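**Student:** Sending over a structure as structure tokens; questions will come in a sec.
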Amino acid sequence: MDVRKGLVIPGAIRGIGIRQVRVTCGLILFAYLLSHFANHALGNVSYGAMVEGLKYHMAFWRNPLVTAVFYAAGITHWGLGLWALYERRQFRYRTPEITQLLLGISIPFLLVAHFVGVRLQQPLFGRDLYYAQALFAYWVNRPYMEWVQFALLIVAWVHGCIGLYFWLRLKRFFARAAPYLLVAAALLPMLALLGLIQGGRDVIELSNVPAWRTANLSQAQFSTPPERALLDAIIFWFPVVYGAVLALILGARGLRLLCERRGGMINLSYPNGIKVRVPQGLSVLEASLRHNVPHASVCGGKARCSTCRIRVVGDLAALPKPSRREAFVLARVGASVDPAIRLACQLRPKSDIAFFLVFPPQVNPASMRRSIGIRMGEELYVVSMFVDMRRSTELAEQRLPFDTMFIINRFLAAVSGAVEDAGGQPNQFVGDGILALFGLDSSPAVACAQAVAAVGRIAANVAQLNRDLANDLREPIRFGIGVNGGEVIVGDIGYRERVVFTALGDAVNVAARLQELTKDLGCEVLVSEEVCRAANLAADPPATRDVAIRGRDSPISVRLVACAALLAADVAPDADRSSHASRADR
Ligand code: FES
């Protein structure tokens, strides 16, 4: 939660910026295109199917609420697109970006005749037009208009698909879904075009049937000359006004540039001695692009990917505060605690700064997708438990490899089941040993209770396993357990696809040492006294002692448990219950 000026802003809302609003509005418009084009595609079945489909299309999109949302989305998307054109400080576009921009700008020019001729007649003159009138008008009265419609269909579709691509390409499923999406993206407009052509031909034929003509092409279904004059005036003046707005935006950009230059120039210092001089108001990423300094920016500066991250060195006091969106993205990747880490695409310094790039410039959407979801590291109180199977080497010497693997897997399953039942998480398997974590989603007290409860459950499961395998084992399976709690770093570590979530820190190392010590001390379990106390275990002075831990200056107080099953009897009933409660809450 974010609290500003007494306002409590939920996390999800904090992450909403202009870009997110634009994407949401774009998705609504794209949904309309899908429905409209699917309707056109029905023309491949028959003209009748097209007309029938239009009833459902209109029933939904002409619902007053849906209409309001649709037009609001259209106006917002358009307005924010123009705003983005003003906002952008550099024109080094990649091909899909410039294509999307140019297509987006051209849509209103292409759309105006269709919108005014077909849609605006309803609110202006109370006249609803359907396929019959529209196709007749385009295929018979003004044949050039069919080409304008084809161009509009393709332009709007490609613009939407590029936007969808930018939105989806960072998602994990995108690589798998891309071929299917590409097929759908190519197929639907093609079917829609063919459907329109077929529908147009059918309408030309039907227009020779007097009864159909009377029903669909009567005088009342076409605009009167004064109405036509008004519609034509709108169709003429709209592009003029729109063109003037575009020119104004470009003029405003030039004016802003002058003001920024007057406002002063600042120096940005990159690693390796690169230094660029830019006007105030430019974002660091825009400065990099303008001066051809390689800079990772997978999302293209839209505050989505965080790959443009930089670490500012020197005085941080002069930096402008992160916007709500920037703060949200930094928090999402666990970088919000360090004020020196900023998003280069959002930071617009007002004075000289020096910084390092956090990511190499070669980061791309594919490597980004792999790293999405990676937890960057967080400090957490976690109870770590190491469980090791005893004498597994001897076991392997006496058996076929398959038998050994079978028994070890049964052992690991018995331990993992017990850990999960107690509310913990089996985290890593190393040979015949296992690291389990407790407290990833519960309080320290609950985590300790869960870990202690797990010890008893492990004893019970392994005892059952020994009974099941009595005929296959020369001697029962034995094990050693070390349990310790403390603040550790939890997060993802690894390389490329081989990334695992785990815990690192002194508390984990101590748990591993305790497990090793169980061999020397001739017991099954060693639990740090701190965990026993937090788990509400009754004090047991004879079983408690200080043990020296390799690599640590001072000994730690632990409880020796000769037989793990005995610990189960000591677990306070409410502690065991809390472990179940925690699991149920998850
Ligand atoms: S470029 Fe993606 S967040 Fe800055």
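Residues are referred to by chain and number: the chain letter is A, B, ... according to the order shown in the structure tokens, the number counts from 1 in that chain, and ligands are numbered separately from 1 in the order shown.
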Might you pull out every residue within 7 Å of region 209-220 of chain A, with only C-alpha atoms counted and same-chain residues fewer than 2 positions away left off, and present them as number ranges by chain?
**Tutor:** A: 132-133, 206-207, 222
**Student:** Please produce an output containing all heavy atoms for each residue in the selection, written as an mmCIF file, in the first residue's frame.
**Tutor:**
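Now in again22.cif:
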```cif
data_model
loop_
_atom_site.group_PDB
_atom_site.id
_atom_site.type_symbol
_atom_site.label_atom_id
_atom_site.label_comp_id
_atom_site.auth_asym_id
_atom_site.auth_seq_id
_atom_site.Cartn_x
_atom_site.Cartn_y
_atom_site.Cartn_z
ATOM 1 N N ALA A 132 -26.738 -3.981 -46.096
ATOM 2 C CA ALA A 132 -27.361 -3.730 -47.409
ATOM 3 C C ALA A 132 -27.025 -2.325 -47.897
ATOM 4 O O ALA A 132 -26.517 -2.144 -49.012
ATOM 5 C CB ALA A 132 -28.875 -3.917 -47.305
ATOM 6 N N GLN A 133 -27.256 -1.312 -47.048
ATOM 7 C CA GLN A 133 -27.043 0.069 -47.478
ATOM 8 C C GLN A 133 -25.539 0.377 -47.607
ATOM 9 O O GLN A 133 -25.108 1.027 -48.566
ATOM 10 C CB GLN A 133 -27.674 1.047 -46.475
ATOM 11 C CG GLN A 133 -29.186 0.925 -46.348
ATOM 12 C CD GLN A 133 -29.605 -0.215 -45.418
ATOM 13 O OE1 GLN A 133 -28.915 -0.495 -44.447
ATOM 14 N NE2 GLN A 133 -30.737 -0.848 -45.716
ATOM 15 N N LEU A 206 -28.585 -8.799 -55.515
ATOM 16 C CA LEU A 206 -29.892 -8.617 -54.855
ATOM 17 C C LEU A 206 -30.543 -7.295 -55.248
ATOM 18 O O LEU A 206 -31.768 -7.168 -55.240
ATOM 19 C CB LEU A 206 -29.712 -8.672 -53.329
ATOM 20 C CG LEU A 206 -29.456 -10.067 -52.739
ATOM 21 C CD1 LEU A 206 -28.980 -9.967 -51.303
ATOM 22 C CD2 LEU A 206 -30.743 -10.897 -52.802
ATOM 23 N N SER A 207 -29.703 -6.304 -55.558
ATOM 24 C CA SER A 207 -30.276 -4.988 -55.884
ATOM 25 C C SER A 207 -31.097 -5.031 -57.173
ATOM 26 O O SER A 207 -31.834 -4.094 -57.470
ATOM 27 C CB SER A 207 -29.169 -3.940 -56.005
ATOM 28 O OG SER A 207 -28.333 -4.264 -57.098
ATOM 29 N N PHE A 222 -31.652 6.313 -47.287
ATOM 30 C CA PHE A 222 -30.491 7.104 -47.735
ATOM 31 C C PHE A 222 -30.683 8.555 -47.318
ATOM 32 O O PHE A 222 -31.824 9.032 -47.169
ATOM 33 C CB PHE A 222 -30.323 6.987 -49.254
ATOM 34 C CG PHE A 222 -29.816 5.620 -49.661
ATOM 35 C CD1 PHE A 222 -30.696 4.619 -50.013
ATOM 36 C CD2 PHE A 222 -28.452 5.338 -49.654
ATOM 37 C CE1 PHE A 222 -30.239 3.360 -50.369
ATOM 38 C CE2 PHE A 222 -27.990 4.079 -50.009
ATOM 39 C CZ PHE A 222 -28.880 3.077 -50.363
#
```
**Student:** With ligand 1 as the partner and 12 Å as the cut-off, tabulate the residues of chain A that qualify, each row holding the nearest pair of atoms and their distance in Å to one decimal, using only C-alpha atoms and all ligand atoms, sorted by chain and rising number, as JSON lines.
**Tutor:**
```
{"residue": "A:Arg19", "atom": "CA", "partner": "ligand 1", "partner_atom_place_in_ligand_line": "3 (S)", "distance": 11.4}
{"residue": "A:Phe166", "atom": "CA", "partner": "ligand 1", "partner_atom_place_in_ligand_line": "2 (Fe)", "distance": 11.3}
{"residue": "A:Trp167", "atom": "CA", "partner": "ligand 1", "partner_atom_place_in_ligand_line": "2 (Fe)", "distance": 11.8}
{"residue": "A:Leu170", "atom": "CA", "partner": "ligand 1", "partner_atom_place_in_ligand_line": "2 (Fe)", "distance": 10.4}
{"residue": "A:Ser283", "atom": "CA", "partner": "ligand 1", "partner_atom_place_in_ligand_line": "4 (Fe)", "distance": 10.0}
{"residue": "A:Val284", "atom": "CA", "partner": "ligand 1", "partner_atom_place_in_ligand_line": "4 (Fe)", "distance": 9.7}
{"residue": "A:Leu285", "atom": "CA", "partner": "ligand 1", "partner_atom_place_in_ligand_line": "1 (S)", "distance": 7.5}
{"residue": "A:Glu286", "atom": "CA", "partner": "ligand 1", "partner_atom_place_in_ligand_line": "1 (S)", "distance": 9.9}
{"residue": "A:Ser288", "atom": "CA", "partner": "ligand 1", "partner_atom_place_in_ligand_line": "1 (S)", "distance": 11.4}
{"residue": "A:Leu289", "atom": "CA", "partner": "ligand 1", "partner_atom_place_in_ligand_line": "1 (S)", "distance": 11.2}
{"residue": "A:His295", "atom": "CA", "partner": "ligand 1", "partner_atom_place_in_ligand_line": "1 (S)", "distance": 8.8}
{"residue": "A:Ala296", "atom": "CA", "partner": "ligand 1", "partner_atom_place_in_ligand_line": "1 (S)", "distance": 6.9}
{"residue": "A:Ser297", "atom": "CA", "partner": "ligand 1", "partner_atom_place_in_ligand_line": "1 (S)", "distance": 3.6}
{"residue": "A:Val298", "atom": "CA", "partner": "ligand 1", "partner_atom_place_in_ligand_line": "2 (Fe)", "distance": 5.3}
{"residue": "A:Cys299", "atom": "CA", "partner": "ligand 1", "partner_atom_place_in_ligand_line": "2 (Fe)", "distance": 4.1}
{"residue": "A:Gly300", "atom": "CA", "partner": "ligand 1", "partner_atom_place_in_ligand_line": "1 (S)", "distance": 4.9}
{"residue": "A:Gly301", "atom": "CA", "partner": "ligand 1", "partner_atom_place_in_ligand_line": "1 (S)", "distance": 3.6}
{"residue": "A:Lys302", "atom": "CA", "partner": "ligand 1", "partner_atom_place_in_ligand_line": "2 (Fe)", "distance": 5.4}
{"residue": "A:Ala303", "atom": "CA", "partner": "ligand 1", "partner_atom_place_in_ligand_line": "3 (S)", "distance": 3.4}
{"residue": "A:Arg304", "atom": "CA", "partner": "ligand 1", "partner_atom_place_in_ligand_line": "3 (S)", "distance": 4.5}
{"residue": "A:Cys305", "atom": "CA", "partner": "ligand 1", "partner_atom_place_in_ligand_line": "2 (Fe)", "distance": 4.0}
{"residue": "A:Ser306", "atom": "CA", "partner": "ligand 1", "partner_atom_place_in_ligand_line": "3 (S)", "distance": 3.7}
{"residue": "A:Thr307", "atom": "CA", "partner": "ligand 1", "partner_atom_place_in_ligand_line": "2 (Fe)", "distance": 5.5}
{"residue": "A:Cys308", "atom": "CA", "partner": "ligand 1", "partner_atom_place_in_ligand_line": "4 (Fe)", "distance": 4.5}
{"residue": "A:Arg309", "atom": "CA", "partner": "ligand 1", "partner_atom_place_in_ligand_line": "4 (Fe)", "distance": 6.7}
{"residue": "A:Ile310", "atom": "CA", "partner": "ligand 1", "partner_atom_place_in_ligand_line": "4 (Fe)", "distance": 9.7}
{"residue": "A:Arg325", "atom": "CA", "partner": "ligand 1", "partner_atom_place_in_ligand_line": "3 (S)", "distance": 9.7}
{"residue": "A:Glu326", "atom": "CA", "partner": "ligand 1", "partner_atom_place_in_ligand_line": "3 (S)", "distance": 8.0}
{"residue": "A:Ala327", "atom": "CA", "partner": "ligand 1", "partner_atom_place_in_ligand_line": "3 (S)", "distance": 11.1}
{"residue": "A:Phe328", "atom": "CA", "partner": "ligand 1", "partner_atom_place_in_ligand_line": "3 (S)", "distance": 10.8}
{"residue": "A:Val329", "atom": "CA", "partner": "ligand 1", "partner_atom_place_in_ligand_line": "3 (S)", "distance": 7.5}
{"residue": "A:Leu330", "atom": "CA", "partner": "ligand 1", "partner_atom_place_in_ligand_line": "3 (S)", "distance": 9.1}
{"residue": "A:Arg332", "atom": "CA", "partner": "ligand 1", "partner_atom_place_in_ligand_line": "3 (S)", "distance": 11.5}
{"residue": "A:Val333", "atom": "CA", "partner": "ligand 1", "partner_atom_place_in_ligand_line": "3 (S)", "distance": 10.9}
{"residue": "A:Arg342", "atom": "CA", "partner": "ligand 1", "partner_atom_place_in_ligand_line": "4 (Fe)", "distance": 9.2}
{"residue": "A:Leu343", "atom": "CA", "partner": "ligand 1", "partner_atom_place_in_ligand_line": "4 (Fe)", "distance": 5.4}
{"residue": "A:Ala344", "atom": "CA", "partner": "ligand 1", "partner_atom_place_in_ligand_line": "4 (Fe)", "distance": 5.8}
{"residue": "A:Cys345", "atom": "CA", "partner": "ligand 1", "partner_atom_place_in_ligand_line": "4 (Fe)", "distance": 4.3}
{"residue": "A:Gln346", "atom": "CA", "partner": "ligand 1", "partner_atom_place_in_ligand_line": "4 (Fe)", "distance": 6.7}
{"residue": "A:Leu347", "atom": "CA", "partner": "ligand 1", "partner_atom_place_in_ligand_line": "4 (Fe)", "distance": 9.3}
{"residue": "A:Leu357", "atom": "CA", "partner": "ligand 1", "partner_atom_place_in_ligand_line": "4 (Fe)", "distance": 11.6}
{"residue": "A:Val358", "atom": "CA", "partner": "ligand 1", "partner_atom_place_in_ligand_line": "4 (Fe)", "distance": 11.6}
{"residue": "A:Phe359", "atom": "CA", "partner": "ligand 1", "partner_atom_place_in_ligand_line": "1 (S)", "distance": 11.0}
{"residue": "A:Pro361", "atom": "CA", "partner": "ligand 1", "partner_atom_place_in_ligand_line": "1 (S)", "distance": 10.9}
{"residue": "A:Val363", "atom": "CA", "partner": "ligand 1", "partner_atom_place_in_ligand_line": "1 (S)", "distance": 10.7}
{"residue": "A:Asn364", "atom": "CA", "partner": "ligand 1", "partner_atom_place_in_ligand_line": "2 (Fe)", "distance": 10.6}
{"residue": "A:Pro365", "atom": "CA", "partner": "ligand 1", "partner_atom_place_in_ligand_line": "2 (Fe)", "distance": 10.3}
{"residue": "A:Met368", "atom": "CA", "partner": "ligand 1", "partner_atom_place_in_ligand_line": "2 (Fe)", "distance": 10.3}
```
**Student:** To test your reading of the structure, identify every residue in region 154-338 of chain A that backbone DSSP assigns to alpha helix (DSSP H), and report it as a VMD selection string.
**Tutor:** chain A and resid 154 to 168 174 to 206 210 to 216 225 to 263 284 to 290 324 to 332
**Student:** Between CA of Gly491 (chain A) and CA of Gln20 (chain A), what is the spacing in Å?
**Tutor:**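 Distance between the two atoms: 27.7 Å.
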**Student:** Write out as an NGL selection string which residues come within 12 Å of Leu196 (chain A) when counting only C-alpha atoms, dropping same-chain ones fewer than 3 positions away.
**Tutor:** :A and (36-47 or 50-51 or 131-132 or 134-136 or 138-139 or 146-147 or 149-150 or 153 or 189-193 or 199-203)
**Student:** Mind checking which residues fall within 9 Å of region 62-76 of chain A, counting only C-alpha atoms, ignoring those fewer than 6 positions away in the same chain, and posting them as a list in words?
**Tutor:**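 Final neighbour list, sorted by chain and number: Val21, Arg22, Thr24, Cys25, Gly26, Leu27, Ile28, Leu29 and Tyr32 of chain A.
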**Student:** Between CA of Gly104 (chain A) and CA of Leu231 (chain A), what is the spacing in Å?
**Tutor:**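 Taking CA of Leu231 (chain A) and CA of Gly104 (chain A), their separation equals 23.5 Å.
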**Student:** Which is closer to Leu567 (chain A) than all the others in A:Ile154, A:Ser351, A:Val118, A:Arg457, using only C-alpha atoms?
**Tutor:**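 Once distances to Leu567 (chain A) are computed over only C-alpha atoms, the minimum belongs to A:Arg457.
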**Student:** Please identify all polymer residues within 10 Å of Leu101 (chain A), counting only C-alpha atoms, omitting same-chain residues fewer than 3 positions from it, and present them as an MDAnalysis selection string.
**Tutor:** chainID A and resid 81:82 85 93 95:98 104:106 159 162:163
**Student:** Which residue gives the smallest distance to Lys519 (chain A) among A:Gly551, A:Asp421, A:Asp472, A:Met389, with only C-alpha atoms counted?
**Tutor:**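 Nearest candidate to Lys519 (chain A) out of A:Gly551, A:Asp421, A:Asp472, A:Met389: A:Met389.
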**Student:** Name all residues at most 7 Å from region 557-560 of chain A (count only C-alpha atoms; drop same-chain ones fewer than 5 positions away) and give them as a short mmCIF file (atom, residue, chain, number, x, y, z; two decimals) with N, CA, C and O atoms, in the first residue's frame.
**Tutor:**
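This is the output file part_26.cif:
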```
data_model
loop_
_atom_site.label_atom_id
_atom_site.label_comp_id
_atom_site.auth_asym_id
_atom_site.auth_seq_id
_atom_site.Cartn_x
_atom_site.Cartn_y
_atom_site.Cartn_z
N CYS A 523 22.41 -38.43 17.66
CA CYS A 523 20.98 -38.17 17.80
C CYS A 523 20.35 -38.05 16.42
O CYS A 523 21.06 -37.95 15.41
N VAL A 525 17.90 -35.63 15.74
CA VAL A 525 17.51 -34.24 15.44
C VAL A 525 18.28 -33.26 16.33
O VAL A 525 18.45 -33.50 17.53
N LEU A 526 18.70 -32.17 15.73
CA LEU A 526 19.23 -31.04 16.48
C LEU A 526 18.43 -29.80 16.07
O LEU A 526 18.41 -29.44 14.89
N VAL A 527 17.74 -29.20 17.04
CA VAL A 527 16.92 -28.02 16.75
C VAL A 527 17.47 -26.86 17.55
O VAL A 527 17.75 -27.01 18.75
N SER A 528 17.64 -25.70 16.93
CA SER A 528 18.14 -24.56 17.70
C SER A 528 17.12 -24.23 18.79
O SER A 528 15.91 -24.35 18.59
N GLU A 529 17.63 -23.83 19.93
CA GLU A 529 16.77 -23.56 21.08
C GLU A 529 15.80 -22.42 20.76
O GLU A 529 14.67 -22.41 21.24
N ALA A 543 18.34 -31.85 27.78
CA ALA A 543 18.55 -32.09 26.34
C ALA A 543 19.15 -30.88 25.64
O ALA A 543 19.41 -30.93 24.45
N THR A 544 19.34 -29.80 26.42
CA THR A 544 19.81 -28.56 25.78
C THR A 544 21.31 -28.39 26.03
O THR A 544 21.78 -28.61 27.14
N ARG A 545 22.01 -28.00 25.00
CA ARG A 545 23.44 -27.73 25.18
C ARG A 545 23.94 -26.74 24.12
O ARG A 545 23.27 -26.52 23.13
N ASP A 546 25.10 -26.20 24.42
CA ASP A 546 25.70 -25.28 23.46
C ASP A 546 26.63 -26.08 22.56
O ASP A 546 27.43 -26.89 23.05
N VAL A 547 26.52 -25.86 21.28
CA VAL A 547 27.43 -26.57 20.36
C VAL A 547 28.19 -25.55 19.52
O VAL A 547 27.65 -24.49 19.17
#
```
**Student:** Can you pull out the residues contacting Leu246 (chain A)? Cut-off 10 Å, using only C-alpha atoms, and skip same-chain residues under 4 positions away; I want them as a PyMOL selection string.
**Tutor:** chain A and resi 82+85-86+105+240-242+250-252
**Student:** Which of these residues is nearest to Gly126 (chain A), using only C-alpha atoms: A:Ala233, A:Glu227, A:Ser269, A:Val140?
**Tutor:** A:Glu227
**Student:** In Å, with one decimal, what is the gap from CA of Leu187 (chain A) to CA of Phe30 (chain A)?
**Tutor:**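 Separating CA of Leu187 (chain A) from CA of Phe30 (chain A) is a distance of 15.5 Å.
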**Student:** Quick one: of A:Ala503, A:Ala449, A:Leu282, A:Leu34, who's nearest to Glu487 (chain A), counting only C-alpha atoms?
**Tutor:**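 The shortest atom-to-atom distance to Glu487 (chain A) comes from A:Ala503.
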**Student:** With distances taken over only C-alpha atoms, which residue among A:Val148, A:Ala534, A:Arg94, A:Gln425 lies nearest Ile107 (chain A)?
**Tutor:** A:Val148
